[in-house]
$ cat upload33.txt   # compact mmCIF, C-alpha atoms
# COMPACT_ATOMS: atom_id res chain seq x y z
CA MET F 1 187.85 183.51 46.29
CA ILE F 2 190.73 181.30 47.36
CA GLN F 3 192.32 179.37 44.51
CA THR F 4 191.40 175.69 44.66
CA PRO F 5 192.32 173.11 45.72
CA PHE F 6 192.26 173.90 49.43
CA TYR F 7 191.21 172.32 52.69
CA LEU F 8 188.71 174.46 54.59
CA ILE F 9 188.50 173.87 58.35
CA ASP F 10 185.27 175.25 59.81
CA LYS F 11 185.87 176.13 63.46
CA SER F 12 182.15 176.21 64.25
CA LYS F 13 181.86 172.56 63.17
CA LEU F 14 185.08 171.68 64.94
CA LEU F 15 183.64 173.27 68.08
CA GLN F 16 180.70 170.84 68.04
CA ASN F 17 183.12 167.94 68.40
CA MET F 18 185.10 169.76 71.07
CA GLU F 19 181.97 170.36 73.14
CA LYS F 20 181.11 166.65 73.06
CA ILE F 21 184.65 165.82 74.14
CA ALA F 22 184.39 168.33 76.99
CA LEU F 23 181.10 166.80 78.12
CA LEU F 24 182.60 163.32 78.07
CA ARG F 25 185.62 164.45 80.07
CA GLU F 26 183.35 166.04 82.67
CA THR F 27 180.94 163.11 83.04
CA SER F 28 183.42 160.22 82.82
CA GLY F 29 186.61 161.59 84.35
CA ALA F 30 188.55 160.44 81.29
CA LYS F 31 191.18 162.63 79.67
CA ALA F 32 191.28 163.24 75.91
CA LEU F 33 194.45 163.49 73.84
CA LEU F 34 194.46 164.53 70.18
CA ALA F 35 195.95 161.77 68.00
CA LEU F 36 198.38 163.66 65.79
CA LYS F 37 198.68 160.72 63.37
CA CYS F 38 195.16 161.62 62.20
CA PHE F 39 195.18 165.40 62.39
CA ALA F 40 198.08 167.74 63.10
CA THR F 41 197.04 171.07 61.58
CA TRP F 42 198.30 173.22 64.42
CA SER F 43 196.65 176.42 63.24
CA VAL F 44 193.46 175.31 65.04
CA PHE F 45 195.17 174.05 68.19
CA ASP F 46 194.26 177.35 69.86
CA LEU F 47 190.64 176.18 69.90
CA MET F 48 191.27 172.49 70.53
CA ARG F 49 193.53 172.93 73.53
CA GLU F 50 190.67 174.59 75.42
CA TYR F 51 188.72 171.30 75.27
CA MET F 52 191.41 168.60 75.29
CA ASP F 53 194.15 167.51 77.65
CA GLY F 54 197.07 167.25 75.23
CA THR F 55 198.37 165.14 72.36
CA THR F 56 199.59 161.65 71.61
CA SER F 57 202.07 160.84 68.89
CA SER F 58 203.54 158.08 66.76
CA SER F 59 207.00 159.49 66.06
CA LEU F 60 209.68 161.92 67.16
CA TYR F 61 208.40 164.69 64.90
CA GLU F 62 204.83 164.31 66.13
CA VAL F 63 205.77 164.38 69.81
CA ARG F 64 207.86 167.49 69.21
CA LEU F 65 204.97 169.16 67.36
CA GLY F 66 202.63 168.26 70.20
CA ARG F 67 204.93 169.79 72.78
CA GLU F 68 205.70 172.95 70.81
CA LYS F 69 202.32 173.69 69.22
CA PHE F 70 199.72 172.20 71.57
CA GLY F 71 201.35 171.96 74.98
CA LYS F 72 199.59 170.41 77.98
CA GLU F 73 200.15 166.64 78.33
CA THR F 74 202.43 165.20 75.67
CA HIS F 75 202.41 161.43 75.23
CA ALA F 76 205.00 159.68 73.08
CA TYR F 77 204.45 156.33 71.38
CA SER F 78 206.17 154.65 68.49
CA VAL F 79 206.18 151.16 67.07
CA ALA F 80 209.96 151.32 67.52
CA TYR F 81 212.42 154.00 68.62
CA GLY F 82 216.01 154.24 67.43
CA ASP F 83 219.14 155.06 69.41
CA ASN F 84 219.50 158.24 67.37
CA GLU F 85 216.14 159.69 68.50
CA ILE F 86 215.21 158.38 71.93
CA ASP F 87 216.88 161.19 73.89
CA GLU F 88 215.05 163.86 71.91
CA VAL F 89 211.74 162.02 72.20
CA VAL F 90 212.09 161.89 75.98
CA SER F 91 212.98 165.59 76.09
CA HIS F 92 209.60 166.49 74.57
CA ALA F 93 207.38 163.97 76.38
CA ASP F 94 205.60 163.73 79.74
CA LYS F 95 204.82 160.08 79.17
CA ILE F 96 206.37 157.48 76.89
CA ILE F 97 204.63 154.25 75.87
CA PHE F 98 206.81 151.46 74.56
CA ASN F 99 205.46 149.04 71.98
CA SER F 100 207.32 146.00 73.25
CA ILE F 101 209.10 144.66 76.30
CA GLY F 102 212.29 144.70 74.27
CA GLN F 103 211.98 148.45 73.64
CA LEU F 104 211.07 149.03 77.30
CA GLU F 105 214.15 147.18 78.51
CA ARG F 106 216.37 148.95 75.99
CA TYR F 107 215.24 152.49 76.80
CA ALA F 108 213.62 152.46 80.25
CA ASP F 109 216.67 154.04 81.86
CA LYS F 110 216.80 156.74 79.19
CA ALA F 111 213.20 157.59 80.13
CA SER F 112 213.63 157.29 83.88
CA ASN F 113 212.65 160.92 84.47
CA ILE F 114 209.22 160.66 82.79
CA THR F 115 206.22 158.34 83.10
CA ARG F 116 206.62 155.02 81.28
CA GLY F 117 204.02 152.64 79.89
CA LEU F 118 203.62 149.63 77.62
CA ARG F 119 201.24 148.84 74.79
CA LEU F 120 199.05 145.78 75.25
CA ASN F 121 197.42 143.87 72.38
CA PRO F 122 194.14 142.23 73.44
CA GLN F 123 194.01 140.24 70.17
CA VAL F 124 190.49 141.47 69.47
CA SER F 125 189.46 144.59 67.55
CA SER F 126 186.58 146.32 65.79
CA SER F 127 188.36 146.56 62.45
CA SER F 128 186.94 144.69 59.48
CA PHE F 129 189.86 145.73 57.28
CA ASP F 130 193.03 143.68 57.71
CA LEU F 131 195.29 146.57 56.77
CA ALA F 132 194.10 148.61 59.77
CA ASP F 133 193.52 145.77 62.25
CA PRO F 134 195.94 146.12 65.19
CA ALA F 135 194.94 142.64 66.40
CA ARG F 136 195.54 140.89 63.06
CA PRO F 137 197.45 137.58 63.17
CA PHE F 138 201.15 138.05 63.92
CA SER F 139 200.58 141.72 64.80
CA ARG F 140 203.64 143.67 65.88
CA LEU F 141 201.52 146.16 67.82
CA GLY F 142 201.90 145.54 71.52
CA GLU F 143 202.43 142.70 73.98
CA TRP F 144 199.72 140.09 74.55
CA ASP F 145 201.23 137.57 76.99
CA LEU F 146 200.36 138.50 80.58
CA ARG F 147 203.10 136.20 81.88
CA LYS F 148 205.78 138.17 80.03
CA VAL F 149 204.44 141.55 81.13
CA GLU F 150 204.21 140.79 84.85
CA PRO F 151 208.01 140.72 85.42
CA VAL F 152 208.43 144.28 84.01
CA MET F 153 205.63 145.91 85.98
CA ASP F 154 208.19 147.62 88.22
CA ARG F 155 209.37 149.63 85.20
CA ILE F 156 206.00 150.98 84.04
CA SER F 157 202.93 152.60 85.59
CA GLY F 158 200.31 152.11 82.91
CA PHE F 159 199.19 150.76 79.55
CA MET F 160 197.97 151.81 76.15
CA ILE F 161 195.42 149.51 74.47
CA HIS F 162 194.36 150.61 70.98
CA ASN F 163 191.99 148.14 69.33
CA ASN F 164 189.10 150.27 68.02
CA CYS F 165 188.90 151.41 64.41
CA GLU F 166 186.10 153.80 63.36
CA ASN F 167 183.93 151.97 65.88
CA SER F 168 180.51 153.65 66.15
CA ASP F 169 178.96 150.66 67.92
CA PHE F 170 178.93 151.21 71.70
CA ASP F 171 177.85 147.64 72.42
CA LEU F 172 180.85 146.32 70.50
CA PHE F 173 183.13 148.68 72.44
CA ASP F 174 181.58 147.50 75.71
CA LYS F 175 182.01 143.85 74.74
CA MET F 176 185.65 144.28 73.75
CA LEU F 177 186.45 146.23 76.91
CA GLY F 178 184.98 143.36 78.89
CA GLU F 179 187.31 140.97 77.07
CA ILE F 180 190.24 143.27 77.87
CA GLU F 181 189.27 143.19 81.54
CA SER F 182 188.99 139.41 81.47
CA ARG F 183 192.37 138.99 79.80
CA PHE F 184 194.41 141.69 81.53
CA GLY F 185 192.54 142.30 84.80
CA PRO F 186 195.47 141.42 87.09
CA LEU F 187 197.72 143.86 85.21
CA LEU F 188 195.12 146.61 85.18
CA LYS F 189 194.77 146.34 88.95
CA ARG F 190 198.45 147.24 89.28
CA ALA F 191 198.32 150.18 86.84
CA GLU F 192 197.86 153.89 87.57
CA TRP F 193 196.56 154.85 84.13
CA VAL F 194 195.20 153.18 81.01
CA SER F 195 194.81 154.68 77.55
CA LEU F 196 192.06 153.04 75.51
CA GLY F 197 193.40 154.63 72.33
CA GLY F 198 191.38 156.11 69.50
CA GLY F 199 189.04 154.84 66.84
CA ILE F 200 185.90 155.28 68.98
CA HIS F 201 183.40 157.40 67.07
CA PHE F 202 181.77 158.90 70.14
CA THR F 203 181.19 162.33 68.58
CA GLY F 204 179.05 160.82 65.84
CA GLU F 205 175.31 161.34 65.57
CA ASN F 206 173.19 159.26 67.95
CA TYR F 207 176.18 157.81 69.77
CA PRO F 208 175.10 156.97 73.37
CA LEU F 209 177.50 159.37 75.05
CA GLU F 210 175.97 158.92 78.51
CA ARG F 211 176.37 155.13 78.40
CA PHE F 212 179.91 155.54 77.12
CA ALA F 213 180.77 157.94 79.95
CA GLU F 214 179.28 155.58 82.53
CA ARG F 215 181.28 152.64 81.16
CA LEU F 216 184.52 154.60 81.26
CA LYS F 217 183.82 155.80 84.79
CA ARG F 218 183.04 152.27 85.94
CA PHE F 219 186.24 150.94 84.33
CA SER F 220 188.26 153.68 86.00
CA GLY F 221 186.75 152.96 89.41
CA GLU F 222 187.08 149.19 89.15
CA TYR F 223 190.82 149.33 88.50
CA GLY F 224 191.71 152.63 90.16
CA VAL F 225 193.16 154.08 86.96
CA GLN F 226 193.09 157.39 85.13
CA VAL F 227 191.50 156.64 81.76
CA TYR F 228 192.81 158.31 78.60
CA LEU F 229 191.21 158.41 75.17
CA GLU F 230 193.08 159.32 71.99
CA PRO F 231 190.45 160.69 69.59
CA GLY F 232 191.61 161.38 66.05
CA GLU F 233 188.66 161.25 63.66
CA ALA F 234 186.29 161.82 66.59
CA SER F 235 187.95 165.18 67.20
CA ILE F 236 187.61 166.55 63.70
CA THR F 237 184.80 164.62 62.02
CA LYS F 238 182.67 166.68 59.61
CA SER F 239 184.72 169.82 60.34
CA THR F 240 186.57 170.16 57.05
CA THR F 241 186.00 170.14 53.30
CA LEU F 242 188.34 169.80 50.35
CA GLU F 243 187.35 172.50 47.89
CA VAL F 244 187.98 171.60 44.24
CA THR F 245 187.12 172.96 40.80
CA VAL F 246 185.97 171.14 37.66
CA LEU F 247 188.66 171.39 34.95
CA ASP F 248 187.10 169.25 32.23
CA THR F 249 184.13 167.01 31.46
CA LEU F 250 183.90 164.07 29.07
CA TYR F 251 181.81 161.00 28.36
CA ASN F 252 183.16 157.48 28.21
CA GLY F 253 180.12 155.33 28.92
CA LYS F 254 179.51 157.56 31.94
CA ASP F 255 179.71 161.31 32.41
CA LEU F 256 183.09 162.17 33.92
CA ALA F 257 184.31 165.37 35.55
CA ILE F 258 188.00 165.96 36.20
CA VAL F 259 188.86 168.23 39.14
CA ASP F 260 192.03 170.03 40.20
CA SER F 261 192.80 167.53 42.97
CA SER F 262 193.69 163.87 43.42
CA ILE F 263 192.79 161.18 45.92
CA GLU F 264 196.27 159.71 45.48
CA ALA F 265 197.81 163.00 46.57
CA HIS F 266 195.17 164.69 48.76
CA MET F 267 192.82 162.01 50.19
CA LEU F 268 195.00 158.93 50.14
CA ASP F 269 192.86 156.92 52.57
CA LEU F 270 190.11 156.77 49.95
CA LEU F 271 192.49 154.88 47.69
CA ILE F 272 193.97 152.68 50.41
CA TYR F 273 190.62 151.55 51.78
CA ARG F 274 188.76 151.67 48.44
CA GLU F 275 186.14 154.07 49.73
CA LYS F 276 184.45 156.90 47.89
CA ALA F 277 184.44 160.51 49.00
CA LYS F 278 181.41 162.27 50.49
CA ILE F 279 179.75 165.07 48.57
CA ALA F 280 176.63 166.77 49.90
CA PRO F 281 173.78 166.87 49.08
CA ASN F 282 174.55 164.20 46.41
CA GLU F 283 171.13 164.35 44.79
CA GLY F 284 169.67 165.28 41.45
CA PRO F 285 169.15 163.75 38.00
CA HIS F 286 172.70 164.23 36.70
CA SER F 287 175.23 161.53 37.59
CA TYR F 288 178.98 162.16 37.30
CA MET F 289 182.06 160.22 38.18
CA ILE F 290 184.37 162.75 39.87
CA CYS F 291 187.96 162.05 38.86
CA GLY F 292 191.32 163.33 40.03
CA LYS F 293 193.84 164.91 37.70
CA SER F 294 196.76 162.55 38.32
CA CYS F 295 197.76 159.90 35.80
CA LEU F 296 196.69 157.07 38.13
CA ALA F 297 193.80 155.27 36.40
CA GLY F 298 192.01 154.66 39.70
CA ASP F 299 192.24 158.28 40.85
CA VAL F 300 188.47 158.58 41.33
CA PHE F 301 186.58 160.32 44.14
CA GLY F 302 183.38 158.40 43.37
CA GLU F 303 180.11 158.73 41.49
CA PHE F 304 177.66 161.40 42.64
CA GLN F 305 174.37 163.05 41.72
CA PHE F 306 174.01 166.75 40.87
CA PRO F 307 170.96 168.97 40.25
CA GLN F 308 172.48 170.48 37.08
CA PRO F 309 175.01 169.32 34.49
CA LEU F 310 178.55 170.09 35.64
CA LYS F 311 180.59 172.57 33.65
CA ILE F 312 184.16 173.78 33.69
CA GLY F 313 184.74 176.14 36.61
CA ASP F 314 182.09 174.62 38.89
CA ARG F 315 183.14 174.27 42.55
CA ILE F 316 182.67 170.99 44.42
CA SER F 317 183.07 170.56 48.18
CA VAL F 318 184.31 167.15 49.28
CA GLN F 319 182.96 166.60 52.80
CA ASP F 320 184.61 165.24 55.95
CA ALA F 321 188.09 165.81 54.62
CA ALA F 322 190.17 166.37 57.76
CA GLY F 323 191.24 162.98 59.11
CA TYR F 324 194.27 161.33 57.53
CA THR F 325 194.32 163.85 54.69
CA MET F 326 196.59 166.78 55.51
CA VAL F 327 198.95 164.46 57.39
CA LYS F 328 199.20 162.16 54.34
CA LYS F 329 199.15 164.59 51.41
CA ASN F 330 202.01 164.13 48.98
CA TRP F 331 203.49 165.44 45.77
CA PHE F 332 202.53 162.56 43.44
CA ASN F 333 202.61 163.76 39.81
CA GLY F 334 203.60 167.19 41.12
CA VAL F 335 199.90 167.95 41.54
CA LYS F 336 199.50 171.29 43.31
CA MET F 337 199.26 170.82 47.06
CA PRO F 338 195.99 172.15 48.53
CA SER F 339 196.26 175.29 50.58
CA ILE F 340 194.88 175.21 54.13
CA ALA F 341 192.23 177.75 55.13
CA ILE F 342 190.24 178.28 58.31
CA LYS F 343 186.71 179.55 58.67
CA GLU F 344 186.69 181.39 61.99
CA LEU F 345 183.79 181.38 64.44
CA ASP F 346 182.74 184.81 63.14
CA GLY F 347 182.46 183.44 59.59
CA SER F 348 185.58 185.07 58.19
CA ILE F 349 187.95 182.89 56.18
CA ARG F 350 191.72 183.15 56.21
CA THR F 351 194.40 181.17 54.41
CA VAL F 352 197.01 179.86 56.84
CA ARG F 353 199.25 177.93 54.44
CA GLU F 354 199.95 177.92 50.72
CA PHE F 355 202.28 175.60 48.82
CA ASP F 356 204.16 176.32 45.61
CA TYR F 357 206.93 174.98 43.39
CA SER F 358 209.59 175.71 45.98
CA ASP F 359 207.90 173.29 48.38
CA PHE F 360 207.79 170.63 45.67
CA GLU F 361 211.46 171.20 44.84
CA ALA F 362 212.51 171.16 48.52
CA ASN F 363 210.73 167.85 49.02
CA LEU F 364 213.21 166.22 46.64
CA SER F 365 216.95 166.53 46.18
$ encode --input "upload33.txt" --output "C-alpha cells"
Amino acid sequence: MIQTPFYLIDKSKLLQNMEKIALLRETSGAKALLALKCFATWSVFDLMREYMDGTTSSSLYEVRLGREKFGKETHAYSVAYGDNEIDEVVSHADKIIFNSIGQLERYADKASNITRGLRLNPQVSSSSFDLADPARPFSRLGEWDLRKVEPVMDRISGFMIHNNCENSDFDLFDKMLGEIESRFGPLLKRAEWVSLGGGIHFTGENYPLERFAERLKRFSGEYGVQVYLEPGEASITKSTTLEVTVLDTLYNGKDLAIVDSSIEAHMLDLLIYREKAKIAPNEGPHSYMICGKSCLAGDVFGEFQFPQPLKIGDRISVQDAAGYTMVKKNWFNGVKMPSIAIKELDGSIRTVREFDYSDFEANLS
C-alpha cells in the first residue's frame, strides 16, 4: 500500500474523457488544447497527447512545460509578459496570445516569427462566482472595444475568447456564442483562428455532444476560422482521487474525523470557492465531518455519510481531485505533500513522484 496522502490518477477513467474529446475533434473540426493552468501532471501526457492537439499556458513556465513534456501545438498566453521573459516564451511557443493591445504593440516584433493573437472580452460569461468571472466589471482580461481592435488587425491572425466557467449548460453556451458573434462578427470575419477557451463541461454526463459539435462546426464555417478549445477540467474530470487516512476521531456536537491531508494545502479550490469535496458513495447512517490536519479552523472537506463508524486507519477516497489541485498544492503548515500515483490501463499502480522534507526545505530559503 502506498503511504497516504496521495493523488491517484486512473488512466482508464482519463481515457473516457480523451475518447469524448477525440469524437468532438472528429465531428466538429475543432482542435483541443490541454489547459495547463488546471492540470499539468506530465506523467500522463503520453496518453493525453494521442487524443489532443497540444497545450495552452498562462505563464513562461507552463509554456515551456507544454513544449518539453507534451509537444505538438504550444500556445502561449499570459495576462502580462515582462521584458525579462518574452524572448524565452516566444522560443517555446507556436502561437502567442496577448491579453491587451498594449502588450501586443510592445512585443509584436519580438514574436514576429510565430503566430500572434489577441484576447477578446465579450463582457458576458457563465460564471456565477465573481472571483472567477472573466467578464466581471473592470475586468483586466482581454479587449472589449471593437473600434480599438480594428487598427491592430494587421498584427494578429486570430483571437482567444474565454468566458465559460464550469458551464455544463449547452443552451447557455450557444446563447453566449451568439452574443459573441453579434458583438465581434466583423473581427471574426477577418480572423484565421478563434479559441473559445475552456470551462465548457462537454465531457460530463448527458452533455449534448452532437449539438455542441454542430454548433462549433457552424461557427467555424460561418467565419472561416479554425476553432480551438482549451479543456482543463473537461479533460480530467472524475479521473483522479485524493487518498487519505483517518488519524483521529472526536465529538464536538458532531462526529469529526481528522485525516492526513488538508484542503488548504491539497485541494485549495474547495476553500476558495467554499465548496465541499466529493466522497462516494456518501451513504449510510453514520455522519462525519471530514477535517484536514492543518491549524486552519476552516480546513474541512465537508460532511459525509458512512455505512460504519470511522476509526483510526480507515482510508477515504476524495473523488474528482485532479483539476486545480496538483497545480495549486502548497506547503502550508509543512503538511506532507501528497505523492502522485498512476493506475495504468492494465490495473497496475505505480508511484511517479514522492515529496519529502528536502522539497519543503528547498521551497524556502
$ closest_residue --input "upload33.txt" --among "F:Val149, F:Ala30, F:Val300, F:Ile101" --to "Arg274 of chain F" --atoms "all atoms listed in the file"
F:Val300
$ residues_near_point --input "upload33.txt" --point "(187.1, 160.0, 40.8)" --cutoff "7 Å" --atoms "all atoms listed in the file" --output "list in words"
Met289, Ile290, Cys291, Gly292, Asp299, Val300, Phe301 and Gly302 of chain F
$ atom_distance --input "upload33.txt" --atom1 "atom CA of Pro285 of chain F" --atom2 "atom CA of Pro307 of chain F"
6.0 Å
$ closest_residue --input "upload33.txt" --among "F:Tyr61, F:Phe70, F:Phe202, F:Phe332" --to "Ser261 of chain F" --atoms "all atoms listed in the file"
F:Phe332
$ residues_around --input "upload33.txt" --residues "segment 221-237 of chain F" --least-positions-apart "2" --cutoff "9 Å" --atoms "all atoms listed in the file" --output "ChimeraX atom specification"
/F:13-15,17-18,21,28-39,48,55-56,158,160,162,166,185,188-204,216-219,239-240,320-324
$ write_last_selection --input "upload33.txt" --atoms "C-alpha atoms" --output "PDB file, in the coordinates of the input"
ATOM      1  CA  LYS F  13     181.860 172.560  63.170  1.00  0.00           C
ATOM      2  CA  LEU F  14     185.080 171.680  64.940  1.00  0.00           C
ATOM      3  CA  LEU F  15     183.640 173.270  68.080  1.00  0.00           C
ATOM      4  CA  ASN F  17     183.120 167.940  68.400  1.00  0.00           C
ATOM      5  CA  MET F  18     185.100 169.760  71.070  1.00  0.00           C
ATOM      6  CA  ILE F  21     184.650 165.820  74.140  1.00  0.00           C
ATOM      7  CA  SER F  28     183.420 160.220  82.820  1.00  0.00           C
ATOM      8  CA  GLY F  29     186.610 161.590  84.350  1.00  0.00           C
ATOM      9  CA  ALA F  30     188.550 160.440  81.290  1.00  0.00           C
ATOM     10  CA  LYS F  31     191.180 162.630  79.670  1.00  0.00           C
ATOM     11  CA  ALA F  32     191.280 163.240  75.910  1.00  0.00           C
ATOM     12  CA  LEU F  33     194.450 163.490  73.840  1.00  0.00           C
ATOM     13  CA  LEU F  34     194.460 164.530  70.180  1.00  0.00           C
ATOM     14  CA  ALA F  35     195.950 161.770  68.000  1.00  0.00           C
ATOM     15  CA  LEU F  36     198.380 163.660  65.790  1.00  0.00           C
ATOM     16  CA  LYS F  37     198.680 160.720  63.370  1.00  0.00           C
ATOM     17  CA  CYS F  38     195.160 161.620  62.200  1.00  0.00           C
ATOM     18  CA  PHE F  39     195.180 165.400  62.390  1.00  0.00           C
ATOM     19  CA  MET F  48     191.270 172.490  70.530  1.00  0.00           C
ATOM     20  CA  THR F  55     198.370 165.140  72.360  1.00  0.00           C
ATOM     21  CA  THR F  56     199.590 161.650  71.610  1.00  0.00           C
ATOM     22  CA  GLY F 158     200.310 152.110  82.910  1.00  0.00           C
ATOM     23  CA  MET F 160     197.970 151.810  76.150  1.00  0.00           C
ATOM     24  CA  HIS F 162     194.360 150.610  70.980  1.00  0.00           C
ATOM     25  CA  GLU F 166     186.100 153.800  63.360  1.00  0.00           C
ATOM     26  CA  GLY F 185     192.540 142.300  84.800  1.00  0.00           C
ATOM     27  CA  LEU F 188     195.120 146.610  85.180  1.00  0.00           C
ATOM     28  CA  LYS F 189     194.770 146.340  88.950  1.00  0.00           C
ATOM     29  CA  ARG F 190     198.450 147.240  89.280  1.00  0.00           C
ATOM     30  CA  ALA F 191     198.320 150.180  86.840  1.00  0.00           C
ATOM     31  CA  GLU F 192     197.860 153.890  87.570  1.00  0.00           C
ATOM     32  CA  TRP F 193     196.560 154.850  84.130  1.00  0.00           C
ATOM     33  CA  VAL F 194     195.200 153.180  81.010  1.00  0.00           C
ATOM     34  CA  SER F 195     194.810 154.680  77.550  1.00  0.00           C
ATOM     35  CA  LEU F 196     192.060 153.040  75.510  1.00  0.00           C
ATOM     36  CA  GLY F 197     193.400 154.630  72.330  1.00  0.00           C
ATOM     37  CA  GLY F 198     191.380 156.110  69.500  1.00  0.00           C
ATOM     38  CA  GLY F 199     189.040 154.840  66.840  1.00  0.00           C
ATOM     39  CA  ILE F 200     185.900 155.280  68.980  1.00  0.00           C
ATOM     40  CA  HIS F 201     183.400 157.400  67.070  1.00  0.00           C
ATOM     41  CA  PHE F 202     181.770 158.900  70.140  1.00  0.00           C
ATOM     42  CA  THR F 203     181.190 162.330  68.580  1.00  0.00           C
ATOM     43  CA  GLY F 204     179.050 160.820  65.840  1.00  0.00           C
ATOM     44  CA  LEU F 216     184.520 154.600  81.260  1.00  0.00           C
ATOM     45  CA  LYS F 217     183.820 155.800  84.790  1.00  0.00           C
ATOM     46  CA  ARG F 218     183.040 152.270  85.940  1.00  0.00           C
ATOM     47  CA  PHE F 219     186.240 150.940  84.330  1.00  0.00           C
ATOM     48  CA  SER F 239     184.720 169.820  60.340  1.00  0.00           C
ATOM     49  CA  THR F 240     186.570 170.160  57.050  1.00  0.00           C
ATOM     50  CA  ASP F 320     184.610 165.240  55.950  1.00  0.00           C
ATOM     51  CA  ALA F 321     188.090 165.810  54.620  1.00  0.00           C
ATOM     52  CA  ALA F 322     190.170 166.370  57.760  1.00  0.00           C
ATOM     53  CA  GLY F 323     191.240 162.980  59.110  1.00  0.00           C
ATOM     54  CA  TYR F 324     194.270 161.330  57.530  1.00  0.00           C
TER      55      TYR F 324
END
$ axis_aligned_box --input "upload33.txt" --around "segment 179-189 of chain F" --padding-each-side "5 Å" --output "JSON"
{"center_x": 192.5, "center_y": 142.8, "center_z": 83.0, "size_x": 20.4, "size_y": 17.6, "size_z": 21.9}
$ closest_residue --input "upload33.txt" --among "F:Glu181, F:Glu264, F:Glu243, F:Glu283" --to "Ala297 of chain F" --atoms "all atoms listed in the file"
F:Glu264
$ atom_distance --input "upload33.txt" --atom1 "atom CA of Ile156 of chain F" --atom2 "atom CA of Ser127 of chain F"
28.2 Å
$ atom_distance --input "upload33.txt" --atom1 "atom CA of Ser339 of chain F" --atom2 "atom CA of Leu8 of chain F"
8.6 Å
$ residues_around --input "upload33.txt" --residues "Ile2 of chain F" --least-positions-apart "4" --cutoff "12 Å" --atoms "only C-alpha atoms" --output "list in words"
Phe6, Tyr7, Leu8, Glu243, Val244, Thr245, Arg315, Pro338, Ser339, Ile340, Ala341, Ile342, Ile349, Arg350, Thr351, Val352, Arg353 and Glu354 of chain F
$ closest_residue --input "upload33.txt" --among "F:Gly253, F:Phe170, F:Glu275, F:Ser78" --to "Glu210 of chain F" --atoms "all atoms listed in the file"
F:Phe170
$ closest_residue --input "upload33.txt" --among "F:Pro5, F:Ser220, F:Tyr273, F:Gly102" --to "Asp130 of chain F" --atoms "only C-alpha atoms"
F:Tyr273
$ closest_residue --input "upload33.txt" --among "F:Arg140, F:Arg155, F:His286, F:Arg49" --to "Glu105 of chain F" --atoms "all atoms listed in the file"
F:Arg155
$ build_atoms --input "upload33.txt" --residues "segment 32-44 of chain F" --atoms "N, CA and C atoms" --output "short mmCIF file (atom, residue, chain, number, x, y, z; two decimals), in the coordinates of the input"
data_model
loop_
_atom_site.label_atom_id
_atom_site.label_comp_id
_atom_site.auth_asym_id
_atom_site.auth_seq_id
_atom_site.Cartn_x
_atom_site.Cartn_y
_atom_site.Cartn_z
N ALA F 32 191.30 163.39 77.37
CA ALA F 32 191.28 163.24 75.91
C ALA F 32 192.52 163.86 75.30
N LEU F 33 193.24 163.06 74.52
CA LEU F 33 194.45 163.49 73.84
C LEU F 33 194.23 163.44 72.33
N LEU F 34 194.57 164.51 71.63
CA LEU F 34 194.46 164.53 70.18
C LEU F 34 195.49 163.60 69.56
N ALA F 35 195.05 162.68 68.71
CA ALA F 35 195.95 161.77 68.00
C ALA F 35 196.51 162.48 66.77
N LEU F 36 197.77 162.88 66.86
CA LEU F 36 198.38 163.66 65.79
C LEU F 36 198.56 162.86 64.51
N LYS F 37 198.55 161.52 64.59
CA LYS F 37 198.68 160.72 63.37
C LYS F 37 197.50 160.95 62.44
N CYS F 38 196.37 161.38 62.99
CA CYS F 38 195.16 161.62 62.20
C CYS F 38 195.05 163.07 61.76
N PHE F 39 195.39 163.98 62.66
CA PHE F 39 195.18 165.40 62.39
C PHE F 39 196.22 166.21 63.16
N ALA F 40 197.00 166.99 62.45
CA ALA F 40 198.08 167.74 63.10
C ALA F 40 198.16 169.17 62.60
N THR F 41 197.05 169.71 62.11
CA THR F 41 197.04 171.07 61.58
C THR F 41 196.99 172.05 62.75
N TRP F 42 198.16 172.51 63.15
CA TRP F 42 198.30 173.22 64.42
C TRP F 42 197.71 174.62 64.41
N SER F 43 197.26 175.09 63.27
CA SER F 43 196.65 176.42 63.24
C SER F 43 195.30 176.47 63.96
N VAL F 44 194.71 175.31 64.26
CA VAL F 44 193.46 175.31 65.04
C VAL F 44 193.66 174.75 66.45
#
